[in-house]
>>> print(open('coords_4.cif').read())   # mmCIF, C-alpha atoms
data_input
#
loop_
_atom_site.label_atom_id
_atom_site.label_comp_id
_atom_site.auth_asym_id
_atom_site.auth_seq_id
_atom_site.Cartn_x
_atom_site.Cartn_y
_atom_site.Cartn_z
CA MET A 21 103.25 116.22 147.90
CA THR A 22 105.88 113.78 149.04
CA PHE A 23 109.49 114.63 148.26
CA THR A 24 111.14 112.00 146.03
CA THR A 25 113.51 110.06 148.24
CA ARG A 26 115.01 107.42 145.96
CA LEU A 27 117.44 109.26 143.73
CA THR A 28 120.07 108.23 141.20
CA ALA A 29 122.77 110.76 140.32
CA ALA A 30 122.65 111.65 136.64
CA ALA A 31 124.59 114.22 134.65
CA LEU A 32 122.49 116.74 132.77
CA CYS A 33 124.99 116.53 129.86
CA GLY A 34 124.84 120.19 128.98
CA ALA A 35 121.09 120.09 128.43
CA LEU A 36 120.56 123.18 130.56
CA VAL A 37 122.39 125.18 127.92
CA ALA A 38 120.38 123.61 125.13
CA ALA A 39 117.16 124.35 127.03
CA SER A 40 117.47 128.14 126.95
CA VAL A 41 115.39 129.90 124.29
CA PRO A 42 115.49 133.55 123.27
CA ALA A 43 112.35 135.41 124.36
CA THR A 44 111.21 136.30 120.86
CA ALA A 45 107.70 137.08 119.72
CA SER A 46 107.78 134.17 117.26
CA ALA A 47 108.45 131.71 120.09
CA ARG A 48 105.05 132.55 121.53
CA THR A 49 103.36 130.87 118.58
CA GLU A 50 105.39 127.67 118.90
CA ARG A 51 104.30 126.26 122.22
CA GLY A 52 104.94 122.54 122.32
CA GLU A 53 107.54 122.65 119.54
CA LEU A 54 110.00 119.79 119.97
CA LEU A 55 113.57 121.07 120.33
CA ASP A 56 115.66 118.07 121.34
CA VAL A 57 115.42 114.32 121.91
CA VAL A 58 117.93 112.37 124.03
CA PRO A 59 117.76 108.57 124.45
CA VAL A 60 117.29 107.54 128.10
CA SER A 61 116.79 103.78 128.12
CA THR A 62 115.50 100.77 126.22
CA MET A 63 114.14 97.72 128.04
CA ASP A 64 112.73 94.40 126.96
CA THR A 65 109.91 92.77 128.90
CA ASN A 66 112.19 90.71 131.14
CA GLN A 67 114.18 93.79 132.09
CA LEU A 68 110.97 95.69 132.77
CA VAL A 69 109.64 93.05 135.11
CA THR A 70 112.85 93.20 137.13
CA TYR A 71 113.02 97.00 137.02
CA LEU A 72 109.42 97.54 138.11
CA GLY A 73 109.85 94.95 140.85
CA ASP A 74 112.77 96.97 142.21
CA TYR A 75 110.28 99.81 142.74
CA ASP A 76 107.66 97.54 144.32
CA LEU A 77 105.31 97.87 141.36
CA ASP A 78 103.10 95.05 140.12
CA ALA A 79 104.60 94.02 136.77
CA SER A 80 101.89 91.53 135.82
CA ARG A 81 100.57 93.76 133.02
CA VAL A 82 103.92 94.16 131.26
CA ARG A 83 103.38 93.20 127.62
CA PHE A 84 105.81 95.24 125.50
CA ALA A 85 109.40 96.40 125.38
CA VAL A 86 109.79 100.20 125.66
CA ASP A 87 111.99 103.05 124.49
CA ALA A 88 112.35 106.07 126.80
CA LYS A 89 113.51 109.52 125.65
CA ARG A 90 114.08 112.88 127.28
CA ILE A 91 112.56 115.65 125.21
CA THR A 92 113.04 119.41 125.42
CA TYR A 93 110.24 121.61 124.12
CA ARG A 94 109.00 125.19 123.99
CA THR A 95 106.50 126.40 126.56
CA ILE A 96 105.78 129.53 128.61
CA ASP A 97 106.61 130.62 132.14
CA PRO A 98 104.02 131.81 134.71
CA SER A 99 104.06 135.32 133.23
CA GLY A 100 103.52 134.03 129.69
CA LYS A 101 107.08 134.55 128.45
CA PRO A 102 108.71 131.91 126.24
CA THR A 103 110.85 129.31 127.98
CA THR A 104 111.60 125.62 127.67
CA ALA A 105 110.89 122.51 129.70
CA SER A 106 111.77 118.84 129.60
CA ALA A 107 109.79 115.63 129.90
CA LEU A 108 110.20 111.89 129.68
CA ILE A 109 108.32 110.16 126.88
CA VAL A 110 108.13 106.38 126.71
CA LEU A 111 106.96 104.49 123.63
CA PRO A 112 105.86 100.86 123.68
CA ARG A 113 107.36 98.67 120.97
CA ASN A 114 104.07 97.08 120.00
CA GLY A 115 103.64 98.10 116.37
CA ASP A 116 100.47 100.09 117.11
CA ARG A 117 100.34 103.09 114.76
CA THR A 118 97.59 104.77 116.81
CA PRO A 119 98.74 104.21 120.39
CA ARG A 120 96.66 105.20 123.38
CA GLN A 121 98.12 107.97 125.55
CA ALA A 122 98.77 108.32 129.27
CA THR A 123 100.42 111.08 131.26
CA TRP A 124 102.06 110.74 134.66
CA LEU A 125 102.35 113.87 136.83
CA HIS A 126 104.95 113.66 139.58
CA GLY A 127 104.93 114.71 143.21
CA THR A 128 107.04 117.20 145.12
CA THR A 129 110.76 117.42 144.56
CA GLY A 130 113.04 120.34 145.30
CA TYR A 131 115.89 118.96 143.20
CA ARG A 132 115.81 119.31 139.43
CA GLY A 133 117.88 116.18 138.94
CA SER A 134 115.41 113.77 140.54
CA VAL A 135 112.68 113.94 137.89
CA ALA A 136 111.84 111.11 135.49
CA SER A 137 113.65 112.44 132.42
CA VAL A 138 116.94 112.69 134.31
CA ALA A 139 117.10 110.00 136.99
CA ASP A 140 115.82 106.54 137.78
CA GLY A 141 113.19 106.66 140.48
CA ASN A 142 109.54 106.09 141.29
CA ASP A 143 108.33 108.54 138.64
CA ARG A 144 110.29 106.98 135.80
CA ALA A 145 109.08 103.56 136.95
CA ALA A 146 105.46 104.74 136.82
CA ALA A 147 105.91 106.02 133.25
CA LEU A 148 107.53 102.76 132.15
CA LEU A 149 104.71 100.80 133.76
CA PHE A 150 102.09 102.47 131.55
CA ALA A 151 104.24 102.25 128.43
CA SER A 152 104.90 98.55 128.98
CA ALA A 153 101.13 98.02 128.82
CA GLY A 154 100.91 99.77 125.45
CA TYR A 155 100.52 103.48 126.23
CA LEU A 156 102.54 106.30 124.70
CA THR A 157 103.38 107.85 128.05
CA THR A 158 104.42 111.43 128.79
CA ALA A 159 105.85 112.45 132.17
CA PRO A 160 106.40 116.23 132.30
CA ASP A 161 109.18 117.51 134.56
CA TYR A 162 107.28 120.83 135.01
CA LEU A 163 108.97 124.23 134.81
CA GLY A 164 112.35 124.70 136.46
CA LEU A 165 113.01 120.98 136.95
CA GLY A 166 114.84 118.52 134.75
CA THR A 167 116.68 120.55 132.11
CA GLY A 168 114.28 123.51 132.23
CA PRO A 169 115.78 126.88 133.20
CA GLY A 170 114.75 128.98 136.17
CA TYR A 171 112.96 128.07 139.39
CA HIS A 172 110.10 125.64 139.82
CA PRO A 173 106.75 127.40 140.53
CA TYR A 174 105.69 124.85 143.14
CA VAL A 175 101.95 124.05 143.36
CA ASP A 176 101.15 126.69 140.76
CA ALA A 177 98.48 124.88 138.79
CA PRO A 178 98.24 127.27 135.81
CA SER A 179 101.92 126.96 134.88
CA THR A 180 101.90 123.23 135.59
CA VAL A 181 99.04 122.92 133.12
CA THR A 182 100.73 124.89 130.35
CA ALA A 183 103.95 122.90 130.72
CA SER A 184 102.00 119.61 130.73
CA VAL A 185 99.84 120.48 127.72
CA ASP A 186 102.93 121.54 125.80
CA ALA A 187 104.71 118.30 126.79
CA LEU A 188 101.81 116.37 125.27
CA ARG A 189 102.07 118.47 122.11
CA ALA A 190 105.79 117.78 121.87
CA ALA A 191 105.19 114.07 122.43
CA ARG A 192 102.63 114.13 119.63
CA GLU A 193 105.17 115.80 117.34
CA TYR A 194 107.77 113.16 118.17
CA ALA A 195 105.23 110.38 117.61
CA ALA A 196 104.31 111.87 114.22
CA SER A 197 107.99 111.81 113.21
CA LYS A 198 107.82 108.03 113.77
CA GLY A 199 104.70 107.68 111.66
CA LEU A 200 102.36 107.39 114.66
CA ARG A 201 98.98 109.05 115.19
CA PRO A 202 98.28 108.91 118.93
CA ASP A 203 94.74 108.56 120.19
CA PRO A 204 93.70 112.10 121.24
CA ARG A 205 92.30 110.81 124.53
CA VAL A 206 94.77 111.19 127.39
CA MET A 207 94.58 108.99 130.48
CA ILE A 208 95.64 111.35 133.27
CA THR A 209 97.07 110.32 136.61
CA GLY A 210 99.62 111.59 139.09
CA HIS A 211 100.64 111.41 142.71
CA SER A 212 100.64 114.06 145.43
CA GLN A 213 101.46 117.42 143.79
CA GLY A 214 100.77 115.49 140.60
CA GLY A 215 97.30 114.52 141.83
CA HIS A 216 96.37 118.18 142.17
CA ALA A 217 97.97 118.79 138.75
CA ALA A 218 95.94 115.93 137.23
CA MET A 219 92.66 117.61 138.10
CA ALA A 220 93.89 120.95 136.77
CA LEU A 221 95.15 119.40 133.52
CA GLY A 222 91.92 117.46 133.05
CA GLN A 223 89.91 120.63 133.48
CA ALA A 224 92.10 122.50 130.96
CA LEU A 225 91.85 119.77 128.32
CA GLN A 226 88.09 119.50 128.73
CA ARG A 227 87.84 123.25 128.26
CA GLY A 228 89.76 123.06 124.99
CA ALA A 229 93.39 123.84 125.85
CA ASP A 230 94.33 121.84 122.75
CA SER A 231 91.72 120.84 120.19
CA ARG A 232 93.63 117.63 119.41
CA LEU A 233 93.77 116.43 123.02
CA LYS A 234 90.87 115.15 125.08
CA VAL A 235 90.44 113.75 128.58
CA GLY A 236 90.28 109.96 128.49
CA ALA A 237 90.26 109.22 132.22
CA LEU A 238 91.18 110.87 135.52
CA ALA A 239 92.79 109.00 138.43
CA PRO A 240 94.66 111.28 140.86
CA ILE A 241 96.47 109.76 143.85
CA GLY A 242 96.83 111.51 147.21
CA GLY A 243 96.59 115.03 145.83
CA PRO A 244 96.68 118.18 147.99
CA PHE A 245 93.25 119.11 146.70
CA LYS A 246 92.60 121.71 149.39
CA PRO A 247 95.88 123.56 149.95
CA SER A 248 94.28 126.05 152.33
CA LEU A 249 93.42 123.21 154.72
CA LEU A 250 96.90 121.72 154.47
CA VAL A 251 98.49 125.09 155.18
CA ALA A 252 96.29 125.45 158.28
CA LYS A 253 97.19 121.93 159.41
CA ALA A 254 100.88 122.56 158.74
CA THR A 255 100.95 125.59 161.01
CA LYS A 256 99.90 123.25 163.81
CA ASP A 257 102.52 120.65 162.80
CA GLU A 258 99.71 118.21 162.01
CA ILE A 259 100.98 116.87 158.69
CA SER A 260 104.08 114.85 157.89
CA ASN A 261 106.91 116.81 156.28
CA GLY A 262 104.90 119.98 156.85
CA VAL A 263 107.97 122.13 157.46
CA ALA A 264 109.50 121.08 154.13
CA TYR A 265 106.30 121.64 152.18
CA MET A 266 105.69 125.02 153.79
CA ALA A 267 109.24 126.23 153.26
CA TYR A 268 109.14 125.26 149.57
CA TRP A 269 105.67 126.68 149.08
CA THR A 270 106.56 129.97 150.78
CA VAL A 271 109.65 130.49 148.63
CA ALA A 272 107.92 129.49 145.38
CA TRP A 273 104.82 131.59 145.92
CA ASN A 274 106.89 134.60 146.91
CA ARG A 275 108.58 134.42 143.53
CA LEU A 276 105.15 134.40 141.90
CA HIS A 277 103.17 136.75 144.11
CA HIS A 278 105.71 138.84 146.08
CA LEU A 279 104.68 137.81 149.59
CA TYR A 280 107.80 139.31 151.17
CA SER A 281 110.72 141.54 150.11
CA ASP A 282 113.47 139.82 152.08
CA PRO A 283 113.64 136.19 153.29
CA SER A 284 114.28 137.44 156.83
CA GLU A 285 110.67 138.67 156.87
CA ALA A 286 109.40 135.10 156.48
CA PHE A 287 112.12 132.78 157.80
CA ARG A 288 113.89 132.79 161.13
CA ASP A 289 116.86 131.48 159.16
CA PRO A 290 116.89 133.51 155.92
CA SER A 291 119.35 131.08 154.29
CA ILE A 292 116.47 128.60 153.92
CA GLU A 293 115.30 130.41 150.79
CA ALA A 294 118.51 129.42 148.96
CA LEU A 295 117.78 125.72 149.52
CA PHE A 296 114.97 125.88 146.97
CA ASP A 297 116.99 126.83 143.91
CA GLY A 298 116.57 123.45 142.21
CA GLU A 299 120.22 122.56 142.74
CA HIS A 300 119.99 121.16 146.28
CA ARG A 301 119.23 117.48 146.64
CA ASN A 302 116.15 116.64 148.66
CA GLU A 303 118.13 114.97 151.44
CA ASP A 304 120.30 118.10 151.76
CA ILE A 305 117.21 120.30 152.00
CA PHE A 306 115.72 118.22 154.80
CA LYS A 307 118.80 118.25 156.98
CA HIS A 308 118.87 122.06 157.02
CA LEU A 309 115.24 122.50 158.03
CA PRO A 310 113.98 122.89 161.61
CA LYS A 311 111.52 120.50 163.21
CA THR A 312 108.52 122.78 163.71
CA MET A 313 106.71 125.59 161.94
CA ARG A 314 107.34 127.96 164.85
CA GLU A 315 111.06 127.39 164.32
CA LEU A 316 110.73 127.87 160.57
CA LEU A 317 108.71 131.07 160.26
CA THR A 318 109.02 134.45 161.91
CA GLU A 319 106.24 135.32 164.30
CA SER A 320 104.72 137.92 161.96
CA TYR A 321 104.79 135.64 158.93
CA PHE A 322 103.47 132.71 160.94
CA ASP A 323 100.48 134.87 161.89
CA ARG A 324 100.02 135.91 158.28
CA VAL A 325 99.91 132.27 157.12
CA GLN A 326 97.42 131.41 159.86
CA HIS A 327 95.17 134.30 158.82
CA PRO A 328 95.77 134.83 155.08
CA THR A 329 94.50 137.99 153.41
CA GLY A 330 94.94 139.72 150.08
CA VAL A 331 96.78 137.89 147.32
CA LEU A 332 97.69 134.98 149.59
CA ARG A 333 94.07 134.33 150.46
CA ALA A 334 92.97 134.73 146.83
CA LYS A 335 95.59 132.32 145.49
CA LEU A 336 94.79 129.72 148.15
CA ARG A 337 91.14 129.85 147.17
CA GLU A 338 92.12 129.45 143.52
CA SER A 339 94.26 126.44 144.41
CA ASP A 340 91.32 124.93 146.29
CA SER A 341 89.09 125.13 143.21
CA TYR A 342 90.43 122.45 140.85
CA CYS A 343 87.75 119.94 141.84
CA ASP A 344 84.97 122.46 141.20
CA TRP A 345 83.90 121.30 137.75
CA ARG A 346 82.13 118.44 136.02
CA PRO A 347 84.43 116.06 134.12
CA THR A 348 82.78 114.20 131.26
CA VAL A 349 84.70 111.04 132.24
CA PRO A 350 84.55 109.11 135.51
CA VAL A 351 87.06 110.19 138.18
CA THR A 352 88.64 107.75 140.63
CA ILE A 353 90.50 109.42 143.51
CA TYR A 354 92.95 107.27 145.45
CA SER A 355 94.04 108.13 148.96
CA SER A 356 94.48 106.40 152.30
CA ALA A 357 93.53 106.92 155.91
CA GLY A 358 97.21 106.42 156.71
CA ASP A 359 98.29 109.37 154.55
CA ARG A 360 99.65 112.01 156.94
CA ASP A 361 101.05 114.22 154.15
CA THR A 362 98.06 115.25 152.03
CA LEU A 363 95.38 113.59 154.18
CA LEU A 364 92.38 111.53 153.17
CA GLU A 365 90.33 114.57 154.18
CA THR A 366 91.47 116.59 151.16
CA SER A 367 90.68 113.71 148.78
CA ALA A 368 87.22 113.46 150.33
CA TYR A 369 86.86 117.20 149.75
CA CYS A 370 87.65 116.73 146.05
CA ASP A 371 85.20 113.84 145.78
CA GLN A 372 82.46 115.92 147.42
CA ARG A 373 83.09 118.95 145.21
CA LEU A 374 82.98 116.84 142.05
CA LYS A 375 79.75 115.18 143.13
CA ARG A 376 78.25 118.58 143.85
CA HIS A 377 78.83 119.27 140.16
CA HIS A 378 77.15 115.92 139.32
CA ALA A 379 80.40 114.28 138.24
CA ARG A 380 80.90 110.52 138.39
CA SER A 381 83.46 110.40 141.16
CA THR A 382 84.68 107.53 143.34
CA LEU A 383 86.97 107.86 146.36
CA VAL A 384 89.09 104.80 147.13
CA ASP A 385 90.59 104.57 150.63
CA LEU A 386 93.58 102.25 150.41
CA GLY A 387 93.70 101.74 154.19
CA ALA A 388 94.84 103.02 157.54
CA ASP A 389 98.16 101.17 157.25
CA VAL A 390 99.03 102.78 153.89
CA ASN A 391 101.15 105.92 154.03
CA HIS A 392 101.43 108.65 151.42
CA GLY A 393 104.23 107.07 149.39
CA ARG A 394 102.89 103.53 149.44
CA ALA A 395 99.49 104.70 148.22
CA ALA A 396 100.88 105.32 144.73
CA LYS A 397 102.44 101.86 144.51
CA LEU A 398 99.13 100.23 145.44
CA ALA A 399 97.00 102.48 143.26
CA LEU A 400 99.01 102.29 140.03
CA PRO A 401 98.14 98.68 139.03
CA ARG A 402 94.46 99.39 139.68
CA ILE A 403 94.62 102.58 137.65
CA LEU A 404 96.30 100.79 134.76
CA ALA A 405 93.62 98.09 134.81
CA ASP A 406 90.91 100.78 134.75
CA PHE A 407 92.60 102.59 131.87
CA ASP A 408 92.67 99.36 129.88
CA ARG A 409 88.92 99.01 130.38
CA THR A 410 88.18 102.59 129.38
#
>>> encode(input="coords_4.cif", output="structure tokens")
Amino acid sequence: MTFTTRLTAAALCGALVAASVPATASARTERGELLDVVPVSTMDTNQLVTYLGDYDLDASRVRFAVDAKRITYRTIDPSGKPTTASALIVLPRNGDRTPRQATWLHGTTGYRGSVASVADGNDRAAALLFASAGYLTTAPDYLGLGTGPGYHPYVDAPSTVTASVDALRAAREYAASKGLRPDPRVMITGHSQGGHAAMALGQALQRGADSRLKVGALAPIGGPFKPSLLVAKATKDEISNGVAYMAYWTVAWNRLHHLYSDPSEAFRDPSIEALFDGEHRNEDIFKHLPKTMRELLTESYFDRVQHPTGVLRAKLRESDSYCDWRPTVPVTIYSSAGDRDTLLETSAYCDQRLKRHHARSTLVDLGADVNHGRAAKLALPRILADFDRT
């Protein structure tokens, strides 16, 4: 769930205006329709090796030049109403008319301008890594980030899935306009919030969310696979960046599930809610947050989070459930004993739940000296190598 920390300022170039779509009945039947394509970057192999090296990624599997585009497409919001979202798509220049597909699902960010379609950063680098090895790669920004209107429904798996499926549909439409017929199998990976999203997206595709898309592989990294445990740990200040995660989560889930009527009911400083509007940079959010959960939440809301009931309890249980199924493909879960954000414990939970359903699951511990952010950099080359063998 790590907040993106390496940001590059980038103008949105009026795309927010272009992203708005009238809520018409006809729009409901056009999920995944491609609305706009904006060039982002083109790199040859030498440039890619340098670029990926700047992000501490192993560039030894770079084989092809790439073209990156920001796309805008139709999707739905958490209540099922038409909206739009953006994504980065990256095409390898390898002449393959039936390219394999990969999707990269990003971790926590409170700022809409830090996602892969808008700014250079770790998530764009991950997408370019897969594309440089020959994969048509899609990196959804999710709802409310990038050029998408509204607020981001943080750690809401159902809406993350719909936005991600529709991003893949839009990428397929763009590929078709170039005379390409992508392999329907999608290699799915993601880090932190994106690790949780990877399991949810894999489940949705296996259950037929789109008849022309199938799960090719699953390799989540450091996902918050048991949010209820992380919330309990956060109340005791036992996870890194717990105050930031909890503040964001509280605001986002209130918008979805009406957990409070006024921010003063939840936060000792009610102005904290306004930090999570998508317009505040991550570093600005952090500097306005207190150090501990007791300083963040009111006494009554702190007690409610410690002992969830009603809709809060039900939604936490739902969020805990995305490893409770049997994928038809092997799953490799990457985490590390040194991860103090999402904890190796939650990855072990996912591995155990999958095995209980007789899935082929492997948990890889990257080591006690590997923190949450570094885990992705170490896992990505291994994941790419596994995808190539699949």
>>> resolve_selection(input="coords_4.cif", expression="the PyMOL selection byres ((chain A and resi 272) around 8)", output="list in words")
Tyr171, His172, Pro173, Tyr174, Tyr268, Trp269, Thr270, Val271, Trp273, Asn274, Arg275 and Leu276 of chain A
>>> residues_around(input="coords_4.cif", residues="stretch 291-293 of chain A", least_positions_apart="6", cutoff="8 Å", atoms="all atoms listed in the file", output="PDB file with C-alpha atoms, in the frame of the given file")
ATOM      1  CA  ALA A 267     109.240 126.230 153.260  1.00  0.00           C
ATOM      2  CA  VAL A 271     109.650 130.490 148.630  1.00  0.00           C
ATOM      3  CA  PRO A 283     113.640 136.190 153.290  1.00  0.00           C
ATOM      4  CA  HIS A 308     118.870 122.060 157.020  1.00  0.00           C
ATOM      5  CA  LEU A 309     115.240 122.500 158.030  1.00  0.00           C
TER       6      LEU A 309
END
>>> closest_atom_pairs(input="coords_4.cif", of="stretch 232-339 of chain A", to="stretch 365-377 of chain A", cutoff="9 Å", atoms="only C-alpha atoms", output="tab-separated table")
residue	atom	partner	partner_atom	distance
A:Ile241	CA	A:Ser367	CA	8.6
A:Gly242	CA	A:Ser367	CA	6.7
A:Gly243	CA	A:Ser367	CA	6.7
A:Pro244	CA	A:Thr366	CA	6.3
A:Phe245	CA	A:Thr366	CA	5.4
A:Lys246	CA	A:Thr366	CA	5.5
A:Pro247	CA	A:Thr366	CA	8.3
A:Leu249	CA	A:Thr366	CA	7.8
A:Leu250	CA	A:Thr366	CA	8.2
>>> residues_around(input="coords_4.cif", residues="A:Tyr131", least_positions_apart="6", cutoff="6 Å", atoms="only C-alpha atoms", output="list in words")
Gly298, Glu299, His300, Arg301 and Asn302 of chain A
>>> residues_around(input="coords_4.cif", residues="stretch 331-342 of chain A", least_positions_apart="5", cutoff="8 Å", atoms="all atoms listed in the file", output="list in words")
Asp176, Ala177, His216, Met219, Ala220, Gln223, Phe245, Lys246, Pro247, Ser248, His277 and Leu279 of chain A
>>> atom_distance(input="coords_4.cif", atom1="atom CA of A:Gly100", atom2="atom CA of A:Glu53")
15.8 Å
>>> closest_residue(input="coords_4.cif", among="A:Thr180, A:Ser197, A:Asn66, A:Thr318", to="A:Leu54", atoms="only C-alpha atoms")
A:Ser197
